[in-house]
Amino acid sequence: MSKKILIVGSGGREHALAWKLAQSSQIEKLYVAPGNAGIAEVAECVDIAVTDIDQMVSFAKNKQIDLAIVGPEIPLMEGIVDRFNNEGLKIFGPTAAAARLEGSKVFSKNLFNKYNIPTASYEVFDDIDKAREFARSFVTSDKSVVIKADGLAAGKGVIIANTVNEADEAIDIIMKDKSFGEAGNEVVIEEFLTGEEVSVFVVTDGKDFVYLTSAQDHKRVFDNDEGPNTGGMGAYTSPPIYTEEIHKRTINEVIIPTIDAMEKEGNPYMGVLYAGLIITSEGPKVLEFNARFGDPEAQVIMPMIKGDILPLFEVAVDGKLKDYQIDSENGVCICVVLASGGYPGEYEKGKIIKGIDNIKPDNIVFHAGTAVENGDFITNGGRVLAVVSKGNTTLEAIENVYEEVEKIYFEGMHYRKDIGKKAVR
Ligand code: AMP
Ligand code: GLY
C-alpha cells in the first residue's frame with residue numbers, strides 16, 4: 001500500500017484501467033491525467049492534456065510516481081515513453097520507434113512482409129498517379145480495394161473502394177487534399193479481405209508475452225454493421241470465431257513473429273500489443289496493430305482479469321514476463337457504448353445523464369465522455385458511457401447488459417442493439 005501510479009488518458013478505456021488498478025492493495029495513490037467525471041470517483045484527476053508530455057514528466061517527478069501507464073496512442077507516438085525513460089521514470093508502453101507498429105501503416109506492412117506475417121497483399125505509393133493506376137487495377141477486375149493513409153487519421157484513413165471513381169476519390173482525399181495532413185504523404189493500397197474481425201490482446205516485455213484475451217469490437221455506428229465507422233460501439237470477450245485452432249495460429253504466425261521482428265529490427269516492443277485480425281478462409285491475417293488497449297475493448301478485458309493487475313505492468317516494464325501468468329474469470333464480458341445524438345458526426349454536449357445509480361451491483365458503468373454540473377453527470381463527448389455486464393454465456397451477458405442499458409437515459413442517446421449478436425447466431 002505504498003505505490004503511486006499515474007494513468008495517462010481520459011476515456012472509457014482509462015476508466016476501466018483506473019477501476020481495475022484502484023482495487024490493487026499495493027497502490028497508495030492513483031492519478032489519472034486528465035481523467036473524466038467517472039474516473040474521479042476512483043482516482044484523482046490531474047488537469048494535464050495527454051499530449052503535454054513536459055507537464056506529465058514534471059508531475060511524475062514531483063509526485064514520485066512509481067509507474068505510469070499510457071492509455072491512448074497519440075502520446076506514445078509523440079514519445080512519452082522515451083521521455084519518461086530518459087528521466088529514469090518507469091512507464092508502461094512502447095517507445096515512439098516501437099509505436100510505429102500502429103502509427104505507420106507503411107512501417108508495419110513492410111515489417112509483415114519482411115517477416116512473413118500474414119496480412120493482405122499490398123503496395124506502398126508516394127506518387128498519386130502510380131497509386132491511382134494500382135488501385136484501378138483491382139476495381140476494373142471487379143475486386144474491392146483498400147486504400148490506407150500511412151499515418152494516424154482518427155480511424156478515418158482507411159477507405160474501401162469498389163469503383164474507379166471511389167478509388168480515385170479515396171486517393172485524392174488522402175494524397176491530394178491531404179485531409180489527414182502528413183499522414184497522407186504515403187498510402188498503402190491492399191487487397192480486400194473477407195472474414196470476421198477479432199482483436200487479440202497480449203502484454204509483452206519485448207521478448208516474452210502474456211496473452212490476455214480476444215474480443216470483438218463493433219466499429220460501425222448502426223446495427224448490422226451499417227453506417228459510418230466510430231471508435232467502437234461495443235465489444236465482448238472470447239468471440240466463437242476465435243477458436244483454439246485460430247488462437248494457436250495467431251500466437252505462432254502473428255504474435256511471436258511480430259515481437260521477434262521488432263526486437264531484430266532494433267525496436268523492441270514493450271506494452272500492450274493489440275492485433276486487429278481478420279479471420280479469412282486461409283486463417284488469421286493482420287489488418288493492423290495497435291500499440292495500446294482498445295477502447296471499448298479495455299472495458300471488457302479489465303473485468304475478466306482476476307486479481308491485481310499492477311504486477312503485470314511492473315513485470316513487463318522490468319522485462320521479466322517469462323513464466324509470468326495471469327488468471328482470468330470464467331464466462332463472457334460485454335459492453336454497450338451509449339453515444340451522443342449525432343455521433344460519430346457533430347453532436348451536442350451538456351445533456352443530463354439519468355439512471356446510472358439504478359444499475360445493479362456486479363454491472364459497471366465506465367465513463368468515456370462525461371462531466372459534472374450542479375451535482376449531475378452530463379454528456380461531454382461522442383461516446384459517453386459504456387455499460388458492462390458478465391454472463392456464463394454470451395447470450396446471458398447480452399441479456400444482462402441490455403437490461404441495465406435500458407435504465408440509463410440522456411437526450412439524443414443512441415446505442416447498438418446487436419452487440420454480441422454475431423456470437424449467438
Ligand atoms: P485498419 O485501421 O487498417 O484496421 O482498418 C480499419 C478497418 O477497415 C478494419 O477494421 C476493417 O474493417 C477494414 N479493413 C482494413 N483493411 C482491410 C482489408 N484489407 N480488407 C477488408 N477490410 C479491411
Ligand atoms: N476499438 C478500436 C480501437 O481501440 O482502436
# chains A, B, ... in the order shown; residues from 1 in each chain; ligands from 1

$ residues_near_ligand --ligand "ligand 1" --cutoff "9 Å" --atoms "only C-alpha atoms and all ligand atoms" --output "mmCIF file with all heavy atoms, in the first residue's frame"
data_model
loop_
_atom_site.group_PDB
_atom_site.id
_atom_site.type_symbol
_atom_site.label_atom_id
_atom_site.label_comp_id
_atom_site.auth_asym_id
_atom_site.auth_seq_id
_atom_site.Cartn_x
_atom_site.Cartn_y
_atom_site.Cartn_z
ATOM 1 N N GLU A 102 1.735 0.825 -34.805
ATOM 2 C CA GLU A 102 0.403 1.390 -35.014
ATOM 3 C C GLU A 102 0.463 2.671 -35.854
ATOM 4 O O GLU A 102 -0.402 2.889 -36.696
ATOM 5 C CB GLU A 102 -0.274 1.729 -33.671
ATOM 6 C CG GLU A 102 -1.536 2.581 -33.868
ATOM 7 C CD GLU A 102 -2.455 2.689 -32.662
ATOM 8 O OE1 GLU A 102 -2.142 2.153 -31.597
ATOM 9 O OE2 GLU A 102 -3.521 3.323 -32.805
ATOM 10 N N LYS A 105 1.420 2.736 -41.177
ATOM 11 C CA LYS A 105 0.987 1.525 -41.882
ATOM 12 C C LYS A 105 2.085 1.046 -42.824
ATOM 13 O O LYS A 105 2.217 -0.158 -43.061
ATOM 14 C CB LYS A 105 -0.314 1.776 -42.643
ATOM 15 C CG LYS A 105 -1.450 2.184 -41.715
ATOM 16 C CD LYS A 105 -2.747 1.523 -42.059
ATOM 17 C CE LYS A 105 -3.894 2.014 -41.203
ATOM 18 N NZ LYS A 105 -4.215 1.145 -40.074
ATOM 19 N N THR A 119 -0.849 -11.094 -43.879
ATOM 20 C CA THR A 119 -1.569 -9.827 -43.996
ATOM 21 C C THR A 119 -2.053 -9.711 -45.433
ATOM 22 O O THR A 119 -1.655 -10.511 -46.293
ATOM 23 C CB THR A 119 -0.646 -8.646 -43.604
ATOM 24 O OG1 THR A 119 -1.417 -7.453 -43.505
ATOM 25 C CG2 THR A 119 0.482 -8.432 -44.616
ATOM 26 N N ALA A 120 -2.890 -8.720 -45.724
ATOM 27 C CA ALA A 120 -3.346 -8.509 -47.102
ATOM 28 C C ALA A 120 -2.162 -8.120 -47.982
ATOM 29 O O ALA A 120 -1.300 -7.343 -47.550
ATOM 30 C CB ALA A 120 -4.396 -7.395 -47.119
ATOM 31 N N SER A 121 -2.112 -8.621 -49.230
ATOM 32 C CA SER A 121 -1.036 -8.213 -50.129
ATOM 33 C C SER A 121 -1.226 -6.737 -50.477
ATOM 34 O O SER A 121 -2.349 -6.233 -50.509
ATOM 35 C CB SER A 121 -1.029 -9.085 -51.377
ATOM 36 O OG SER A 121 -2.220 -8.866 -52.085
ATOM 37 N N TYR A 122 -0.116 -6.032 -50.718
ATOM 38 C CA TYR A 122 -0.200 -4.566 -50.773
ATOM 39 C C TYR A 122 0.960 -3.974 -51.551
ATOM 40 O O TYR A 122 1.963 -4.648 -51.815
ATOM 41 C CB TYR A 122 -0.134 -3.994 -49.340
ATOM 42 C CG TYR A 122 1.263 -4.107 -48.759
ATOM 43 C CD1 TYR A 122 2.116 -2.995 -48.702
ATOM 44 C CD2 TYR A 122 1.764 -5.342 -48.335
ATOM 45 C CE1 TYR A 122 3.416 -3.118 -48.222
ATOM 46 C CE2 TYR A 122 3.057 -5.463 -47.863
ATOM 47 C CZ TYR A 122 3.874 -4.345 -47.803
ATOM 48 O OH TYR A 122 5.160 -4.474 -47.349
ATOM 49 N N SER A 144 -12.740 -5.372 -54.847
ATOM 50 C CA SER A 144 -12.664 -4.189 -53.987
ATOM 51 C C SER A 144 -11.208 -3.944 -53.641
ATOM 52 O O SER A 144 -10.394 -4.868 -53.661
ATOM 53 C CB SER A 144 -13.448 -4.405 -52.701
ATOM 54 O OG SER A 144 -14.785 -4.720 -52.993
ATOM 55 N N VAL A 145 -10.899 -2.695 -53.301
ATOM 56 C CA VAL A 145 -9.531 -2.372 -52.939
ATOM 57 C C VAL A 145 -9.576 -1.500 -51.678
ATOM 58 O O VAL A 145 -10.556 -0.792 -51.443
ATOM 59 C CB VAL A 145 -8.804 -1.658 -54.109
ATOM 60 C CG1 VAL A 145 -9.430 -0.303 -54.428
ATOM 61 C CG2 VAL A 145 -7.317 -1.512 -53.838
ATOM 62 N N VAL A 146 -8.524 -1.621 -50.864
ATOM 63 C CA VAL A 146 -8.491 -0.854 -49.618
ATOM 64 C C VAL A 146 -7.341 0.139 -49.696
ATOM 65 O O VAL A 146 -6.202 -0.239 -49.988
ATOM 66 C CB VAL A 146 -8.322 -1.793 -48.400
ATOM 67 C CG1 VAL A 146 -8.467 -1.004 -47.106
ATOM 68 C CG2 VAL A 146 -9.342 -2.930 -48.454
ATOM 69 N N ILE A 147 -7.668 1.415 -49.454
ATOM 70 C CA ILE A 147 -6.680 2.483 -49.566
ATOM 71 C C ILE A 147 -6.485 3.094 -48.184
ATOM 72 O O ILE A 147 -7.444 3.500 -47.542
ATOM 73 C CB ILE A 147 -7.169 3.524 -50.600
ATOM 74 C CG1 ILE A 147 -7.276 2.814 -51.964
ATOM 75 C CG2 ILE A 147 -6.216 4.718 -50.672
ATOM 76 C CD1 ILE A 147 -8.252 3.438 -52.902
ATOM 77 N N LYS A 148 -5.226 3.081 -47.712
ATOM 78 C CA LYS A 148 -4.958 3.491 -46.335
ATOM 79 C C LYS A 148 -3.903 4.587 -46.279
ATOM 80 O O LYS A 148 -2.811 4.427 -46.831
ATOM 81 C CB LYS A 148 -4.428 2.297 -45.519
ATOM 82 C CG LYS A 148 -5.369 1.102 -45.478
ATOM 83 C CD LYS A 148 -4.826 -0.019 -44.596
ATOM 84 C CE LYS A 148 -5.873 -1.116 -44.471
ATOM 85 N NZ LYS A 148 -5.470 -2.176 -43.534
ATOM 86 N N LEU A 152 -1.598 8.154 -38.620
ATOM 87 C CA LEU A 152 -2.834 8.174 -37.827
ATOM 88 C C LEU A 152 -3.822 9.160 -38.429
ATOM 89 O O LEU A 152 -3.467 10.268 -38.795
ATOM 90 C CB LEU A 152 -2.541 8.634 -36.401
ATOM 91 C CG LEU A 152 -1.817 7.670 -35.481
ATOM 92 C CD1 LEU A 152 -1.749 8.272 -34.089
ATOM 93 C CD2 LEU A 152 -2.491 6.312 -35.449
ATOM 94 N N ALA A 153 -5.081 8.718 -38.543
ATOM 95 C CA ALA A 153 -6.097 9.583 -39.136
ATOM 96 C C ALA A 153 -7.421 9.436 -38.389
ATOM 97 O O ALA A 153 -8.489 9.469 -38.981
ATOM 98 C CB ALA A 153 -6.262 9.247 -40.611
ATOM 99 N N GLY A 155 -8.996 7.029 -37.238
ATOM 100 C CA GLY A 155 -9.874 5.954 -37.720
ATOM 101 C C GLY A 155 -10.534 6.229 -39.057
ATOM 102 O O GLY A 155 -11.347 5.443 -39.526
ATOM 103 N N LYS A 156 -10.184 7.359 -39.697
ATOM 104 C CA LYS A 156 -10.853 7.708 -40.956
ATOM 105 C C LYS A 156 -9.951 7.519 -42.169
ATOM 106 O O LYS A 156 -10.354 7.778 -43.297
ATOM 107 C CB LYS A 156 -11.333 9.160 -40.903
ATOM 108 C CG LYS A 156 -12.345 9.383 -39.791
ATOM 109 C CD LYS A 156 -13.056 10.721 -39.914
ATOM 110 C CE LYS A 156 -14.111 10.859 -38.842
ATOM 111 N NZ LYS A 156 -13.726 11.764 -37.764
ATOM 112 N N GLY A 157 -8.725 7.059 -41.934
ATOM 113 C CA GLY A 157 -7.753 6.982 -43.014
ATOM 114 C C GLY A 157 -7.782 5.704 -43.815
ATOM 115 O O GLY A 157 -6.901 5.469 -44.632
ATOM 116 N N VAL A 158 -8.808 4.869 -43.595
ATOM 117 C CA VAL A 158 -8.924 3.620 -44.357
ATOM 118 C C VAL A 158 -10.194 3.682 -45.189
ATOM 119 O O VAL A 158 -11.288 3.839 -44.656
ATOM 120 C CB VAL A 158 -8.974 2.393 -43.411
ATOM 121 C CG1 VAL A 158 -9.229 1.115 -44.197
ATOM 122 C CG2 VAL A 158 -7.680 2.286 -42.624
ATOM 123 N N ILE A 159 -10.038 3.601 -46.506
ATOM 124 C CA ILE A 159 -11.202 3.743 -47.393
ATOM 125 C C ILE A 159 -11.290 2.516 -48.298
ATOM 126 O O ILE A 159 -10.306 2.113 -48.919
ATOM 127 C CB ILE A 159 -11.093 5.033 -48.244
ATOM 128 C CG1 ILE A 159 -10.929 6.258 -47.318
ATOM 129 C CG2 ILE A 159 -12.320 5.191 -49.145
ATOM 130 C CD1 ILE A 159 -10.632 7.563 -48.035
ATOM 131 N N ILE A 160 -12.487 1.933 -48.341
ATOM 132 C CA ILE A 160 -12.707 0.769 -49.203
ATOM 133 C C ILE A 160 -13.386 1.260 -50.473
ATOM 134 O O ILE A 160 -14.389 1.976 -50.413
ATOM 135 C CB ILE A 160 -13.557 -0.297 -48.480
ATOM 136 C CG1 ILE A 160 -12.756 -0.819 -47.267
ATOM 137 C CG2 ILE A 160 -13.932 -1.451 -49.421
ATOM 138 C CD1 ILE A 160 -13.543 -1.608 -46.271
ATOM 139 N N ILE A 189 -1.904 0.489 -50.480
ATOM 140 C CA ILE A 189 -3.062 0.022 -51.245
ATOM 141 C C ILE A 189 -3.042 -1.491 -51.197
ATOM 142 O O ILE A 189 -2.022 -2.116 -51.523
ATOM 143 C CB ILE A 189 -3.015 0.556 -52.687
ATOM 144 C CG1 ILE A 189 -3.102 2.090 -52.634
ATOM 145 C CG2 ILE A 189 -4.153 -0.048 -53.528
ATOM 146 C CD1 ILE A 189 -3.139 2.760 -53.974
ATOM 147 N N GLU A 190 -4.157 -2.089 -50.722
ATOM 148 C CA GLU A 190 -4.103 -3.531 -50.494
ATOM 149 C C GLU A 190 -5.371 -4.241 -50.921
ATOM 150 O O GLU A 190 -6.424 -3.624 -51.111
ATOM 151 C CB GLU A 190 -3.764 -3.838 -49.035
ATOM 152 C CG GLU A 190 -4.796 -3.398 -48.036
ATOM 153 C CD GLU A 190 -4.383 -3.701 -46.595
ATOM 154 O OE1 GLU A 190 -3.183 -3.556 -46.259
ATOM 155 O OE2 GLU A 190 -5.256 -4.083 -45.808
ATOM 156 N N GLU A 191 -5.245 -5.536 -51.044
ATOM 157 C CA GLU A 191 -6.397 -6.372 -51.424
ATOM 158 C C GLU A 191 -7.433 -6.328 -50.308
ATOM 159 O O GLU A 191 -7.100 -6.193 -49.126
ATOM 160 C CB GLU A 191 -5.951 -7.826 -51.668
ATOM 161 C CG GLU A 191 -5.461 -8.492 -50.408
ATOM 162 C CD GLU A 191 -5.180 -9.988 -50.537
ATOM 163 O OE1 GLU A 191 -5.904 -10.696 -51.251
ATOM 164 O OE2 GLU A 191 -4.225 -10.440 -49.896
ATOM 165 N N PHE A 192 -8.687 -6.460 -50.681
ATOM 166 C CA PHE A 192 -9.791 -6.502 -49.734
ATOM 167 C C PHE A 192 -9.958 -7.940 -49.250
ATOM 168 O O PHE A 192 -10.048 -8.868 -50.044
ATOM 169 C CB PHE A 192 -11.069 -6.017 -50.425
ATOM 170 C CG PHE A 192 -12.280 -6.066 -49.552
ATOM 171 C CD1 PHE A 192 -12.564 -5.013 -48.689
ATOM 172 C CD2 PHE A 192 -13.142 -7.154 -49.596
ATOM 173 C CE1 PHE A 192 -13.690 -5.045 -47.870
ATOM 174 C CE2 PHE A 192 -14.275 -7.190 -48.774
ATOM 175 C CZ PHE A 192 -14.545 -6.138 -47.916
ATOM 176 N N LEU A 193 -9.952 -8.118 -47.945
ATOM 177 C CA LEU A 193 -10.101 -9.469 -47.382
ATOM 178 C C LEU A 193 -11.501 -9.619 -46.809
ATOM 179 O O LEU A 193 -12.062 -8.655 -46.285
ATOM 180 C CB LEU A 193 -9.078 -9.690 -46.266
ATOM 181 C CG LEU A 193 -7.606 -9.594 -46.659
ATOM 182 C CD1 LEU A 193 -6.720 -9.656 -45.416
ATOM 183 C CD2 LEU A 193 -7.238 -10.727 -47.619
ATOM 184 N N THR A 194 -12.039 -10.837 -46.893
ATOM 185 C CA THR A 194 -13.345 -11.052 -46.261
ATOM 186 C C THR A 194 -13.188 -12.013 -45.099
ATOM 187 O O THR A 194 -12.393 -12.959 -45.155
ATOM 188 C CB THR A 194 -14.403 -11.623 -47.237
ATOM 189 O OG1 THR A 194 -13.760 -12.548 -48.093
ATOM 190 C CG2 THR A 194 -15.053 -10.541 -48.052
ATOM 191 N N GLY A 195 -13.960 -11.741 -44.057
ATOM 192 C CA GLY A 195 -13.930 -12.578 -42.866
ATOM 193 C C GLY A 195 -14.411 -11.776 -41.681
ATOM 194 O O GLY A 195 -14.669 -10.578 -41.803
ATOM 195 N N GLU A 196 -14.522 -12.453 -40.547
ATOM 196 C CA GLU A 196 -14.944 -11.768 -39.329
ATOM 197 C C GLU A 196 -13.710 -11.178 -38.647
ATOM 198 O O GLU A 196 -12.643 -11.790 -38.674
ATOM 199 C CB GLU A 196 -15.632 -12.784 -38.406
ATOM 200 C CG GLU A 196 -16.851 -12.230 -37.690
ATOM 201 C CD GLU A 196 -17.554 -13.286 -36.858
ATOM 202 O OE1 GLU A 196 -18.161 -14.214 -37.446
ATOM 203 O OE2 GLU A 196 -17.486 -13.194 -35.633
ATOM 204 N N GLU A 197 -13.870 -10.009 -38.025
ATOM 205 C CA GLU A 197 -12.728 -9.361 -37.366
ATOM 206 C C GLU A 197 -12.682 -9.701 -35.879
ATOM 207 O O GLU A 197 -13.714 -9.809 -35.238
ATOM 208 C CB GLU A 197 -12.800 -7.848 -37.560
ATOM 209 C CG GLU A 197 -12.516 -7.454 -38.999
ATOM 210 C CD GLU A 197 -12.584 -5.950 -39.224
ATOM 211 O OE1 GLU A 197 -11.991 -5.197 -38.440
ATOM 212 O OE2 GLU A 197 -13.241 -5.549 -40.198
ATOM 213 N N VAL A 198 -11.470 -9.845 -35.374
ATOM 214 C CA VAL A 198 -11.246 -10.138 -33.952
ATOM 215 C C VAL A 198 -10.061 -9.322 -33.466
ATOM 216 O O VAL A 198 -9.089 -9.140 -34.204
ATOM 217 C CB VAL A 198 -10.901 -11.637 -33.734
ATOM 218 C CG1 VAL A 198 -10.703 -11.931 -32.264
ATOM 219 C CG2 VAL A 198 -11.954 -12.546 -34.306
ATOM 220 N N ASP A 217 -14.917 -6.042 -31.450
ATOM 221 C CA ASP A 217 -15.403 -4.663 -31.408
ATOM 222 C C ASP A 217 -16.563 -4.530 -32.403
ATOM 223 O O ASP A 217 -16.747 -5.396 -33.258
ATOM 224 C CB ASP A 217 -14.224 -3.762 -31.824
ATOM 225 C CG ASP A 217 -14.508 -2.286 -31.632
ATOM 226 O OD1 ASP A 217 -15.502 -1.936 -30.983
ATOM 227 O OD2 ASP A 217 -13.709 -1.477 -32.154
ATOM 228 N N LYS A 219 -17.479 -1.609 -34.870
ATOM 229 C CA LYS A 219 -16.973 -0.289 -35.257
ATOM 230 C C LYS A 219 -18.028 0.604 -35.901
ATOM 231 O O LYS A 219 -17.973 1.822 -35.771
ATOM 232 C CB LYS A 219 -15.801 -0.438 -36.223
ATOM 233 C CG LYS A 219 -14.551 -0.961 -35.550
ATOM 234 C CD LYS A 219 -13.290 -0.684 -36.365
ATOM 235 C CE LYS A 219 -12.026 -1.027 -35.595
ATOM 236 N NZ LYS A 219 -11.520 -2.375 -35.846
ATOM 237 N N ASN A 229 -18.004 4.481 -39.603
ATOM 238 C CA ASN A 229 -17.162 3.949 -38.536
ATOM 239 C C ASN A 229 -17.145 4.869 -37.331
ATOM 240 O O ASN A 229 -17.267 6.082 -37.460
ATOM 241 C CB ASN A 229 -15.735 3.776 -39.045
ATOM 242 C CG ASN A 229 -15.479 2.380 -39.567
ATOM 243 O OD1 ASN A 229 -16.038 1.407 -39.064
ATOM 244 N ND2 ASN A 229 -14.636 2.273 -40.571
ATOM 245 N N GLY A 276 -5.263 -6.436 -34.609
ATOM 246 C CA GLY A 276 -6.564 -6.396 -35.273
ATOM 247 C C GLY A 276 -6.527 -7.406 -36.407
ATOM 248 O O GLY A 276 -5.842 -7.200 -37.398
ATOM 249 N N LEU A 277 -7.235 -8.519 -36.214
ATOM 250 C CA LEU A 277 -7.154 -9.622 -37.177
ATOM 251 C C LEU A 277 -8.432 -9.736 -37.983
ATOM 252 O O LEU A 277 -9.503 -9.342 -37.523
ATOM 253 C CB LEU A 277 -6.984 -10.946 -36.438
ATOM 254 C CG LEU A 277 -5.819 -11.113 -35.484
ATOM 255 C CD1 LEU A 277 -5.924 -12.484 -34.814
ATOM 256 C CD2 LEU A 277 -4.493 -11.007 -36.237
ATOM 257 N N ILE A 278 -8.300 -10.334 -39.154
ATOM 258 C CA ILE A 278 -9.474 -10.768 -39.896
ATOM 259 C C ILE A 278 -9.284 -12.269 -40.109
ATOM 260 O O ILE A 278 -8.177 -12.711 -40.460
ATOM 261 C CB ILE A 278 -9.655 -9.952 -41.205
ATOM 262 C CG1 ILE A 278 -10.965 -10.310 -41.899
ATOM 263 C CG2 ILE A 278 -8.476 -10.097 -42.151
ATOM 264 C CD1 ILE A 278 -11.429 -9.222 -42.891
ATOM 265 N N VAL A 286 -3.374 -10.145 -40.356
ATOM 266 C CA VAL A 286 -3.351 -8.892 -39.600
ATOM 267 C C VAL A 286 -3.875 -7.748 -40.455
ATOM 268 O O VAL A 286 -3.369 -7.512 -41.555
ATOM 269 C CB VAL A 286 -1.911 -8.532 -39.162
ATOM 270 C CG1 VAL A 286 -1.941 -7.307 -38.247
ATOM 271 C CG2 VAL A 286 -1.253 -9.690 -38.470
ATOM 272 N N LEU A 287 -4.887 -7.036 -39.947
ATOM 273 C CA LEU A 287 -5.315 -5.793 -40.610
ATOM 274 C C LEU A 287 -4.469 -4.645 -40.095
ATOM 275 O O LEU A 287 -4.068 -3.766 -40.846
ATOM 276 C CB LEU A 287 -6.785 -5.521 -40.316
ATOM 277 C CG LEU A 287 -7.802 -6.463 -40.960
ATOM 278 C CD1 LEU A 287 -9.209 -6.069 -40.552
ATOM 279 C CD2 LEU A 287 -7.672 -6.444 -42.486
ATOM 280 N N GLU A 288 -4.246 -4.650 -38.794
ATOM 281 C CA GLU A 288 -3.436 -3.593 -38.197
ATOM 282 C C GLU A 288 -3.001 -4.032 -36.811
ATOM 283 O O GLU A 288 -3.578 -4.929 -36.221
ATOM 284 C CB GLU A 288 -4.262 -2.302 -38.050
ATOM 285 C CG GLU A 288 -5.442 -2.463 -37.105
ATOM 286 C CD GLU A 288 -6.106 -1.163 -36.675
ATOM 287 O OE1 GLU A 288 -5.543 -0.088 -36.913
ATOM 288 O OE2 GLU A 288 -7.181 -1.246 -36.076
ATOM 289 N N PHE A 289 -1.975 -3.358 -36.312
ATOM 290 C CA PHE A 289 -1.619 -3.483 -34.904
ATOM 291 C C PHE A 289 -1.911 -2.169 -34.224
ATOM 292 O O PHE A 289 -1.756 -1.097 -34.833
ATOM 293 C CB PHE A 289 -0.123 -3.776 -34.740
ATOM 294 C CG PHE A 289 0.191 -5.240 -34.727
ATOM 295 C CD1 PHE A 289 0.837 -5.840 -35.795
ATOM 296 C CD2 PHE A 289 -0.163 -6.020 -33.641
ATOM 297 C CE1 PHE A 289 1.127 -7.188 -35.784
ATOM 298 C CE2 PHE A 289 0.121 -7.381 -33.626
ATOM 299 C CZ PHE A 289 0.762 -7.964 -34.700
ATOM 300 N N ASN A 290 -2.315 -2.234 -32.967
ATOM 301 C CA ASN A 290 -2.389 -1.035 -32.158
ATOM 302 C C ASN A 290 -1.440 -1.187 -30.987
ATOM 303 O O ASN A 290 -1.167 -2.305 -30.532
ATOM 304 C CB ASN A 290 -3.814 -0.783 -31.676
ATOM 305 C CG ASN A 290 -4.727 -0.424 -32.839
ATOM 306 O OD1 ASN A 290 -4.384 0.396 -33.682
ATOM 307 N ND2 ASN A 290 -5.867 -1.070 -32.915
#

$ closest_atom_pairs --of "chain A" --to "ligand 2" --cutoff "10 Å" --atoms "only C-alpha atoms and all ligand atoms" --output "tab-separated table"
residue	atom	partner	partner_atom_place_in_ligand_line	distance
A:Arg13	CA	ligand 2	4 (O)	8.6
A:Pro72	CA	ligand 2	4 (O)	8.6
A:Glu73	CA	ligand 2	5 (O)	9.2
A:Glu102	CA	ligand 2	5 (O)	9.7
A:Ala154	CA	ligand 2	5 (O)	9.2
A:Gly155	CA	ligand 2	5 (O)	7.7
A:Ser199	CA	ligand 2	2 (C)	8.5
A:Ala215	CA	ligand 2	1 (N)	9.8
A:Gln216	CA	ligand 2	1 (N)	8.7
A:Asp217	CA	ligand 2	1 (N)	5.8
A:His218	CA	ligand 2	1 (N)	7.7
A:Lys219	CA	ligand 2	1 (N)	6.9
A:Thr230	CA	ligand 2	1 (N)	8.4
A:Gly231	CA	ligand 2	1 (N)	5.5
A:Gly232	CA	ligand 2	1 (N)	4.7
A:Met233	CA	ligand 2	1 (N)	8.1
A:Gly234	CA	ligand 2	1 (N)	8.3
A:Ala235	CA	ligand 2	1 (N)	8.1
A:Tyr274	CA	ligand 2	5 (O)	8.7
A:Ala275	CA	ligand 2	5 (O)	9.9
A:Gly276	CA	ligand 2	5 (O)	8.5
A:Glu288	CA	ligand 2	5 (O)	9.5
A:Phe289	CA	ligand 2	5 (O)	9.0
A:Asn290	CA	ligand 2	5 (O)	6.8
A:Ala291	CA	ligand 2	5 (O)	9.3
A:Arg292	CA	ligand 2	4 (O)	7.9
A:Phe293	CA	ligand 2	4 (O)	6.5
A:Gly294	CA	ligand 2	4 (O)	3.3
A:Asp295	CA	ligand 2	4 (O)	4.0
A:Pro296	CA	ligand 2	1 (N)	5.3
A:Glu297	CA	ligand 2	1 (N)	6.0
A:Ala298	CA	ligand 2	4 (O)	8.3

$ select_by_dssp --residues "range 251-329 of chain A" --states "strand (DSSP E or B)" --output "list in words"
Gly271, Val272, Leu273, Tyr274, Ala275, Gly276, Leu277, Ile278, Ile279, Thr280, Gly283, Pro284, Lys285, Val286, Leu287, Glu288, Phe289, Asn290, Ile305 and Ser328 of chain A

$ residues_around --residues "range 245-252 of chain A" --least-positions-apart "4" --cutoff "12 Å" --atoms "only C-alpha atoms" --output "ChimeraX atom specification"
/A:116-119,198-202,208-214,238-241,256-260,273-286

$ select_by_dssp --residues "range 98-312 of chain A" --states "helix (DSSP H, G or I)" --output "JSON, numbers by chain"
{"A": [100, 101, 102, 103, 105, 106, 107, 108, 109, 110, 111, 112, 113, 114, 128, 129, 130, 131, 132, 133, 134, 135, 136, 137, 138, 139, 164, 165, 166, 167, 168, 169, 170, 171, 172, 173, 174, 175, 176, 181, 182, 183, 184, 223, 224, 225, 244, 245, 246, 247, 248, 249, 250, 251, 252, 253, 254, 255, 256, 257, 258, 259, 260, 261, 262, 263, 264, 297, 298, 299, 300, 301, 302, 303, 304, 310, 311, 312]}

$ atom_distance --atom1 "CA of Tyr343 in chain A" --atom2 "CA of Gly382 in chain A"
5.3 Å

$ residues_around --residues "Val388 in chain A" --least-positions-apart "2" --cutoff "12 Å" --atoms "only C-alpha atoms" --output "ChimeraX atom specification"
/A:12,16,234-237,296-304,332-338,359-367,385-386,390-391,397-405,419

$ residues_around --residues "Pro268 in chain A" --least-positions-apart "4" --cutoff "7 Å" --atoms "only C-alpha atoms" --output "list in words"
Ala98, Gly206, Met262 and Glu263 of chain A

$ write_last_selection --atoms "all heavy atoms" --output "CSV table (one decimal), in the first residue's frame"
chain,number,residue,atom,x,y,z
A,98,ALA,N,8.9,2.0,-31.5
A,98,ALA,CA,8.1,0.8,-31.5
A,98,ALA,C,6.7,1.0,-31.8
A,98,ALA,O,6.0,0.2,-32.4
A,98,ALA,CB,8.3,0.1,-30.1
A,206,GLY,N,8.9,-7.3,-24.7
A,206,GLY,CA,9.8,-7.2,-25.8
A,206,GLY,C,10.4,-8.5,-26.2
A,206,GLY,O,10.9,-8.6,-27.3
A,262,MET,N,10.3,-7.1,-34.1
A,262,MET,CA,10.5,-5.8,-33.5
A,262,MET,C,11.9,-5.7,-32.8
A,262,MET,O,12.6,-4.8,-32.9
A,262,MET,CB,9.4,-5.3,-32.6
A,262,MET,CG,8.1,-5.1,-33.3
A,262,MET,SD,8.2,-3.7,-34.5
A,262,MET,CE,8.2,-2.3,-33.4
A,263,GLU,N,12.2,-6.8,-32.2
A,263,GLU,CA,13.5,-6.9,-31.5
A,263,GLU,C,14.6,-6.9,-32.5
A,263,GLU,O,15.6,-6.2,-32.4
A,263,GLU,CB,13.5,-8.1,-30.6
A,263,GLU,CG,14.7,-8.1,-29.6
A,263,GLU,CD,14.9,-9.3,-28.8
A,263,GLU,OE1,14.2,-10.3,-29.1
A,263,GLU,OE2,15.7,-9.3,-27.8

$ decode --residues "range 396-400 of chain A" --atoms "C-alpha atoms" --output "CSV table (one decimal), in the first residue's frame"
chain,number,residue,atom,x,y,z
A,396,GLU,CA,-26.6,-14.4,-20.9
A,397,ALA,CA,-24.2,-11.5,-21.0
A,398,ILE,CA,-26.2,-9.8,-23.8
A,399,GLU,CA,-29.5,-10.2,-21.8
A,400,ASN,CA,-27.8,-8.8,-18.7
